[in-house]
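Here's the structure we're looking at; comments come further down.
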Amino acid sequence: QLSGTYTINSASATSGTNFKSFSDLASALKSSGVSGAVTVNVASSSGPYSERVVFEAVSGASATNTITINGNGEKIVNTASSSTIEFNGADYFTIDNLIIEAAGTGTGTRGVHLWKGADYNTISNGEIIVSKYTSTSNSTGYVVFSNSKTGNSAANHGKHNLITKNKMWNGSTSSAAAGPYYGVCEYGSSSYSGTTGHNMVVDNEMMHVYYFWNYFYYANGYEITGNNMHTERSGARYAYTTYCYYGNTTTDQIKISDNKIHDIEIDYYLYMYTYRCSGTGSLPFQMNGNKLYNNDAGYYVYGVMPYYAANLEALDNEVYNNTAGYYVYGIYAYFSSNAMVARNSVHDNTADYGVYGFYIYYMDGDFINNTYYNNKGDYYNYAVLGGYTQTDLNVAHNTFIFNNDVTYYSYGLYLYMYYTFNDINVKNNIIYFVSDAGYYNYVTYMPYNYQDMNIENNDFYVNNSSTNYYYTNTQNTTLAAFNTAVGNTTNIEIDPKFTDLAKGNIVPTNPEIANYGQSGYADVDFAKVKRTACGPDLGAFEFTIDHSASNFTF
């Protein structure tokens, strides 16, 4: 049995503590097993190694008897249309600082393939390259969890595997012609969704992908965090930077957070998409801290899209400087339940039709401390589109700014609450209109159940030459008429006097609206500054002196 330190050196024969190739190492591990931790150092300047290696289950491998291969920046390359490194039921391997190149041109070309219950493996600090594949088969990827060597099939592929701090690309700085269909793919089914879990894609740079950057299908407790995703493969028509379908949480939390998605240019759609991904009360499904910027799509850019999400957190995401031929969507929390959508910012996006800031139809939970500004749709601008909530929803402490003209309509708060509900509060928001519309602006659009929505203590500031409406059951042309319709007089119309809107500093400076908010809807503001408990400021930011000041001199 192997234990201790070994080398891989192509200049020396396999003997004693040296292996001439990766395959010789794999053969020894399979036949002999391990009795202690094993470290294998690849000799400097001994590569490249032209081979394909399959690591199978190793007797004796465990959390203490691990197998670590230090690549020292050397390369292993496979020219066949298959995976370069395969984990066939192998556990507790770490491959660090190795360049893994898949130079095949046909179906099945993959950098790393894990299957048959390959658990607790790590690929780190290296490169995973698909250098010559230029077709469009969905059997190709940088890293693939699948039960088939040439396609996608469901099984117990493995759990607690970590892909971290790698550069995934085609190996060329001058051409994006080559690259795989998938970046990282885990293909499961409903029967296996509870048995595979907690595979992690963390802090990688990912580029030159043809279709799906991260594809997790019926996966359990996965993480896609801290990745830098950019530069599509040439010819790409769609870009799903995440496609996560029926994700489940059992003992491990699903996290799609802190990713940067930028400088992707495709013909049709760009998505950061999840469908029916679920969390629990103690382990919420998280889509936090993602940044999507400088992307361009011929049709649509969808920012953070938790579609039919349960027990959702969507916090601190930023969608900015994107362009689209039709629409840019910021946060698309459609049918999200028990959701916390907070401190997100949608700004400086441009679309030939319109920019949707927040799409919250059928959502329940908290929608607080979000911002929308400097967006430009040629025909439309929408800060919030929502409706049909039947339980509880708080829309509070948001700042929505309309400062670019449109050809048709702009909508501030569009809340189509057709059904009866338990409790909805629309409070402490700032909606600011200084833009014109070719037809008219809807500062608010609330045609149903508006008297039961607790629309109170908002600042609706309008200063333009357009026709402006506050729609309830009729097109109210004044804030006073709107207040009468909703049954209170607490909504005001005062200029917040933002610090520097042109430069994106939307902190108000006008003390007239300070401490005007109702308490209890947000403990902290957009910048995570603690709010005044007995009279918070309106909008997303706390901004001026508080009630607790003991001395104030003019």
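How things are named: the first chain in the structure tokens is A, the next is B, and so on; residues count from 1 in each chain; ligands count from 1 in the order shown.
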
Counting only C-alpha atoms, which residues in region 306-399 of chain A sit no more than 6 Å from region 415-418 of chain A? For each one, give the nearest pair of atoms and the distance in Å, sorted by chain then residue number, as CSV.
```
residue,atom,partner,partner_atom,distance
A:Gly386,CA,A:Leu415,CA,4.8
A:Gly387,CA,A:Tyr416,CA,4.1
A:Tyr388,CA,A:Met417,CA,4.8
```

Restricted to all heavy atoms, what would the selected residues look like written as a PDB file, in the first residue's frame?
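What ended up in part_4.pdb:
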```
ATOM      1  N   GLY A 386     -45.292  44.084 -10.449  1.00  0.00           N
ATOM      2  CA  GLY A 386     -45.694  43.019  -9.539  1.00  0.00           C
ATOM      3  C   GLY A 386     -47.194  42.912  -9.458  1.00  0.00           C
ATOM      4  O   GLY A 386     -47.936  43.779  -9.925  1.00  0.00           O
ATOM      5  N   GLY A 387     -47.631  41.838  -8.834  1.00  0.00           N
ATOM      6  CA  GLY A 387     -49.053  41.638  -8.657  1.00  0.00           C
ATOM      7  C   GLY A 387     -49.370  40.223  -8.226  1.00  0.00           C
ATOM      8  O   GLY A 387     -48.498  39.360  -8.119  1.00  0.00           O
ATOM      9  N   TYR A 388     -50.655  40.010  -7.918  1.00  0.00           N
ATOM     10  CA  TYR A 388     -51.219  38.690  -7.636  1.00  0.00           C
ATOM     11  C   TYR A 388     -50.706  38.071  -6.339  1.00  0.00           C
ATOM     12  O   TYR A 388     -50.883  36.875  -6.115  1.00  0.00           O
ATOM     13  CB  TYR A 388     -50.991  37.722  -8.803  1.00  0.00           C
ATOM     14  CG  TYR A 388     -51.600  38.192 -10.107  1.00  0.00           C
ATOM     15  CD1 TYR A 388     -50.799  38.668 -11.128  1.00  0.00           C
ATOM     16  CD2 TYR A 388     -52.983  38.182 -10.295  1.00  0.00           C
ATOM     17  CE1 TYR A 388     -51.345  39.116 -12.318  1.00  0.00           C
ATOM     18  CE2 TYR A 388     -53.545  38.622 -11.481  1.00  0.00           C
ATOM     19  CZ  TYR A 388     -52.720  39.101 -12.491  1.00  0.00           C
ATOM     20  OH  TYR A 388     -53.277  39.545 -13.670  1.00  0.00           O
TER      21      TYR A 388
END
```

List the spatial neighbours of Ala351 (chain A) as a short mmCIF file (atom, residue, chain, number, x, y, z; two decimals) with C-alpha atoms, in the first residue's frame - criterion: any atom at most 8 Å away, only C-alpha atoms, same-chain residues fewer than 4 positions off excluded.
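Below you can see around-v7.cif, which holds the result:
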```cif
data_model
loop_
_atom_site.label_atom_id
_atom_site.label_comp_id
_atom_site.auth_asym_id
_atom_site.auth_seq_id
_atom_site.Cartn_x
_atom_site.Cartn_y
_atom_site.Cartn_z
CA THR A 323 -27.49 46.63 -23.26
CA ALA A 324 -30.18 44.64 -25.07
CA GLY A 325 -32.07 44.80 -28.34
CA TYR A 326 -35.36 44.31 -26.48
CA TYR A 327 -35.29 44.34 -22.66
CA VAL A 328 -32.93 44.30 -19.70
CA VAL A 355 -35.51 48.28 -18.72
CA LYS A 376 -32.80 54.14 -20.44
CA GLY A 377 -35.39 52.25 -22.44
CA ASP A 378 -36.27 53.70 -25.81
#
```

| request: Could you pull out the residues in region 182-417 of chain A that DSSP calls strand (DSSP E or B) from the backbone, as an MDAnalysis selection string? | output: chainID A and resid 182:187 200:202 205:206 212:217 220 223:225 228:230 238:245 248 255:257 260:262 265:266 269:275 278 285:286 291:293 296:297 300:307 310 312:315 318:320 323:324 327:332 337 339:342 345:347 350:351 354:361 365:368 371:373 376:377 380:387 392:396 399:402 406 409:416

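Counting only C-alpha atoms, Ile430 (chain A) has the following residues at most 8 Å away, ignoring those fewer than 6 positions along the same chain: His397, Asn398, Thr399, Phe400, Asn458, Asp459, Phe460, Tyr461, Leu538 and Gly539 of chain A.
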
| message | Residues near Gly354 (chain A), anyone? I mean within 12 Å using only C-alpha atoms, not counting same-chain ones fewer than 5 positions away, as a PyMOL selection string. | response | chain A and resi 299-301+322-330+349+375-383+404-411

| task | Rank A:Asn97, A:Phe216, A:Leu2, A:Val201 by their smallest atom-to-atom distance to Ser189 (chain A), using only C-alpha atoms, and report the top residue only. | result |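 Of A:Asn97, A:Phe216, A:Leu2, A:Val201, the one nearest Ser189 (chain A) is A:Phe216, counting only C-alpha atoms.
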
| request: Check the smallest atom-to-atom distance from each of A:Met207, A:Ile494, A:Ala28, A:Ala37 to Pro511 (chain A) using only C-alpha atoms, then report the winner. | output: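 Looking only at the distances to Pro511 (chain A), the closest residue turns out to be A:Ile494.
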
| Test item: residues at most 6 Å from region 6-18 of chain A, only C-alpha atoms, excluding those fewer than 5 positions along its chain, as a ChimeraX atom specification | /A:40-43,46

For the selection you just gave me, I'd like the residues written to a file as a PDB file, in the first residue's frame, keeping N, CA and C atoms.
```pdb
ATOM      1  N   VAL A  40       1.967  13.344  -4.212  1.00  0.00           N
ATOM      2  CA  VAL A  40       2.678  13.065  -5.455  1.00  0.00           C
ATOM      3  C   VAL A  40       3.046  14.398  -6.091  1.00  0.00           C
ATOM      4  N   ASN A  41       4.332  14.638  -6.277  1.00  0.00           N
ATOM      5  CA  ASN A  41       4.817  15.871  -6.884  1.00  0.00           C
ATOM      6  C   ASN A  41       5.207  15.615  -8.330  1.00  0.00           C
ATOM      7  N   VAL A  42       4.637  16.385  -9.240  1.00  0.00           N
ATOM      8  CA  VAL A  42       5.016  16.297 -10.643  1.00  0.00           C
ATOM      9  C   VAL A  42       6.300  17.101 -10.821  1.00  0.00           C
ATOM     10  N   ALA A  43       7.305  16.460 -11.374  1.00  0.00           N
ATOM     11  CA  ALA A  43       8.608  17.105 -11.506  1.00  0.00           C
ATOM     12  C   ALA A  43       8.530  18.298 -12.454  1.00  0.00           C
ATOM     13  N   SER A  46       8.976  18.398 -16.578  1.00  0.00           N
ATOM     14  CA  SER A  46       8.884  17.000 -17.017  1.00  0.00           C
ATOM     15  C   SER A  46       7.753  16.778 -18.016  1.00  0.00           C
TER      16      SER A  46
END
```

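Close contacts of Val434 (chain A), defined as residues with an atom at most 9 Å away when counting only C-alpha atoms, with chain neighbours fewer than 2 positions off set aside, comprise Ile401, Phe402, Asn403, Asn404, Asp405, Tyr432, Asp436, Tyr461, Val462, Asn463, Asn464 and Ser465 of chain A.
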
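Restricting the calculation to only C-alpha atoms, the smallest distance between Ala297 (chain A) and any of A:Ser83, A:Asn248, A:Thr350, A:Asn311 is found for A:Thr350.
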
| field | Exercise: region 152-156 of chain A partners within 8 Å, only C-alpha atoms, chain neighbours under 2 positions left out, as number ranges by chain | value | A: 115-117, 138-139, 146-148, 150, 158, 187-189, 192, 195-196

Please write the residues from the selection above to a file, keeping N, CA, C and O atoms, as a PDB file, in the first residue's frame.
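What ended up in out-v3.pdb:
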```
ATOM      1  N   TRP A 115     -17.924  10.513 -11.974  1.00  0.00           N
ATOM      2  CA  TRP A 115     -19.123   9.664 -12.012  1.00  0.00           C
ATOM      3  C   TRP A 115     -18.969   8.497 -11.056  1.00  0.00           C
ATOM      4  O   TRP A 115     -17.953   8.348 -10.380  1.00  0.00           O
ATOM      5  N   LYS A 116     -20.041   7.702 -10.963  1.00  0.00           N
ATOM      6  CA  LYS A 116     -20.090   6.512 -10.108  1.00  0.00           C
ATOM      7  C   LYS A 116     -19.727   6.819  -8.661  1.00  0.00           C
ATOM      8  O   LYS A 116     -18.930   6.118  -8.028  1.00  0.00           O
ATOM      9  N   GLY A 117     -20.309   7.893  -8.132  1.00  0.00           N
ATOM     10  CA  GLY A 117     -20.111   8.210  -6.723  1.00  0.00           C
ATOM     11  C   GLY A 117     -18.720   8.673  -6.383  1.00  0.00           C
ATOM     12  O   GLY A 117     -18.165   8.289  -5.342  1.00  0.00           O
ATOM     13  N   ASN A 138     -23.635  18.644 -26.777  1.00  0.00           N
ATOM     14  CA  ASN A 138     -23.812  18.839 -25.336  1.00  0.00           C
ATOM     15  C   ASN A 138     -23.114  17.750 -24.523  1.00  0.00           C
ATOM     16  O   ASN A 138     -23.391  17.580 -23.335  1.00  0.00           O
ATOM     17  N   SER A 139     -22.204  17.018 -25.137  1.00  0.00           N
ATOM     18  CA  SER A 139     -21.400  16.037 -24.408  1.00  0.00           C
ATOM     19  C   SER A 139     -20.048  16.605 -24.000  1.00  0.00           C
ATOM     20  O   SER A 139     -19.200  15.879 -23.494  1.00  0.00           O
ATOM     21  N   SER A 146     -21.550  13.195 -14.791  1.00  0.00           N
ATOM     22  CA  SER A 146     -22.542  12.460 -15.563  1.00  0.00           C
ATOM     23  C   SER A 146     -22.213  10.984 -15.535  1.00  0.00           C
ATOM     24  O   SER A 146     -21.044  10.592 -15.395  1.00  0.00           O
ATOM     25  N   ASN A 147     -23.246  10.138 -15.685  1.00  0.00           N
ATOM     26  CA  ASN A 147     -23.042   8.692 -15.650  1.00  0.00           C
ATOM     27  C   ASN A 147     -22.670   8.117 -17.002  1.00  0.00           C
ATOM     28  O   ASN A 147     -22.462   6.924 -17.128  1.00  0.00           O
ATOM     29  N   SER A 148     -22.578   8.954 -18.019  1.00  0.00           N
ATOM     30  CA  SER A 148     -22.197   8.505 -19.352  1.00  0.00           C
ATOM     31  C   SER A 148     -20.916   9.204 -19.767  1.00  0.00           C
ATOM     32  O   SER A 148     -20.718  10.380 -19.493  1.00  0.00           O
ATOM     33  N   THR A 150     -20.078   9.803 -22.850  1.00  0.00           N
ATOM     34  CA  THR A 150     -20.248  10.580 -24.078  1.00  0.00           C
ATOM     35  C   THR A 150     -21.494  11.450 -24.073  1.00  0.00           C
ATOM     36  O   THR A 150     -21.811  12.086 -25.068  1.00  0.00           O
ATOM     37  N   GLY A 158     -21.584  11.815  -7.534  1.00  0.00           N
ATOM     38  CA  GLY A 158     -20.641  12.126  -6.467  1.00  0.00           C
ATOM     39  C   GLY A 158     -21.054  13.368  -5.714  1.00  0.00           C
ATOM     40  O   GLY A 158     -21.877  14.159  -6.188  1.00  0.00           O
ATOM     41  N   TYR A 187     -25.572  16.629 -14.187  1.00  0.00           N
ATOM     42  CA  TYR A 187     -26.840  16.190 -14.776  1.00  0.00           C
ATOM     43  C   TYR A 187     -27.432  15.077 -13.927  1.00  0.00           C
ATOM     44  O   TYR A 187     -26.895  13.978 -13.844  1.00  0.00           O
ATOM     45  N   GLY A 188     -28.530  15.382 -13.274  1.00  0.00           N
ATOM     46  CA  GLY A 188     -29.192  14.400 -12.434  1.00  0.00           C
ATOM     47  C   GLY A 188     -30.621  14.171 -12.866  1.00  0.00           C
ATOM     48  O   GLY A 188     -31.025  14.468 -13.987  1.00  0.00           O
ATOM     49  N   SER A 189     -31.417  13.627 -11.966  1.00  0.00           N
ATOM     50  CA  SER A 189     -32.844  13.443 -12.190  1.00  0.00           C
ATOM     51  C   SER A 189     -33.531  13.511 -10.839  1.00  0.00           C
ATOM     52  O   SER A 189     -32.885  13.509  -9.794  1.00  0.00           O
ATOM     53  N   TYR A 192     -32.533  11.077  -8.109  1.00  0.00           N
ATOM     54  CA  TYR A 192     -31.209  11.197  -7.509  1.00  0.00           C
ATOM     55  C   TYR A 192     -30.977  12.546  -6.829  1.00  0.00           C
ATOM     56  O   TYR A 192     -29.903  12.794  -6.303  1.00  0.00           O
ATOM     57  N   THR A 195     -29.633  12.355  -3.335  1.00  0.00           N
ATOM     58  CA  THR A 195     -28.459  11.539  -3.030  1.00  0.00           C
ATOM     59  C   THR A 195     -27.156  12.198  -3.453  1.00  0.00           C
ATOM     60  O   THR A 195     -26.107  11.861  -2.929  1.00  0.00           O
ATOM     61  N   THR A 196     -27.197  13.090  -4.409  1.00  0.00           N
ATOM     62  CA  THR A 196     -25.985  13.812  -4.780  1.00  0.00           C
ATOM     63  C   THR A 196     -26.047  15.195  -4.164  1.00  0.00           C
ATOM     64  O   THR A 196     -27.109  15.803  -4.098  1.00  0.00           O
TER      65      THR A 196
END
```

| Pick from A:Leu393, A:Ile76, A:Met287, A:Ala219, whichever lies nearest to Ser190 (chain A) using only C-alpha atoms |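 For Ser190 (chain A), the nearest of the given residues is A:Ala219.
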
| query | Smallest atom-to-atom distance to Tyr445 (chain A): which of A:Thr474, A:Thr484, A:Ser81, A:Thr509, using only C-alpha atoms? | reply |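 Residue with the minimum atom-to-atom distance to Tyr445 (chain A): A:Thr474.
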
| Distance CA of Pro496 (chain A)-CA of Pro536 (chain A), one decimal place? |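 So the two atoms, CA of Pro496 (chain A) and CA of Pro536 (chain A), lie 14.6 Å apart.
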
| Closest of A:Ile100, A:Ser35, A:Glu313, A:Glu86 to Glu74 (chain A) - atom-to-atom distances counting only C-alpha atoms |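 Result for the nearest residue to Glu74 (chain A): A:Ile100.
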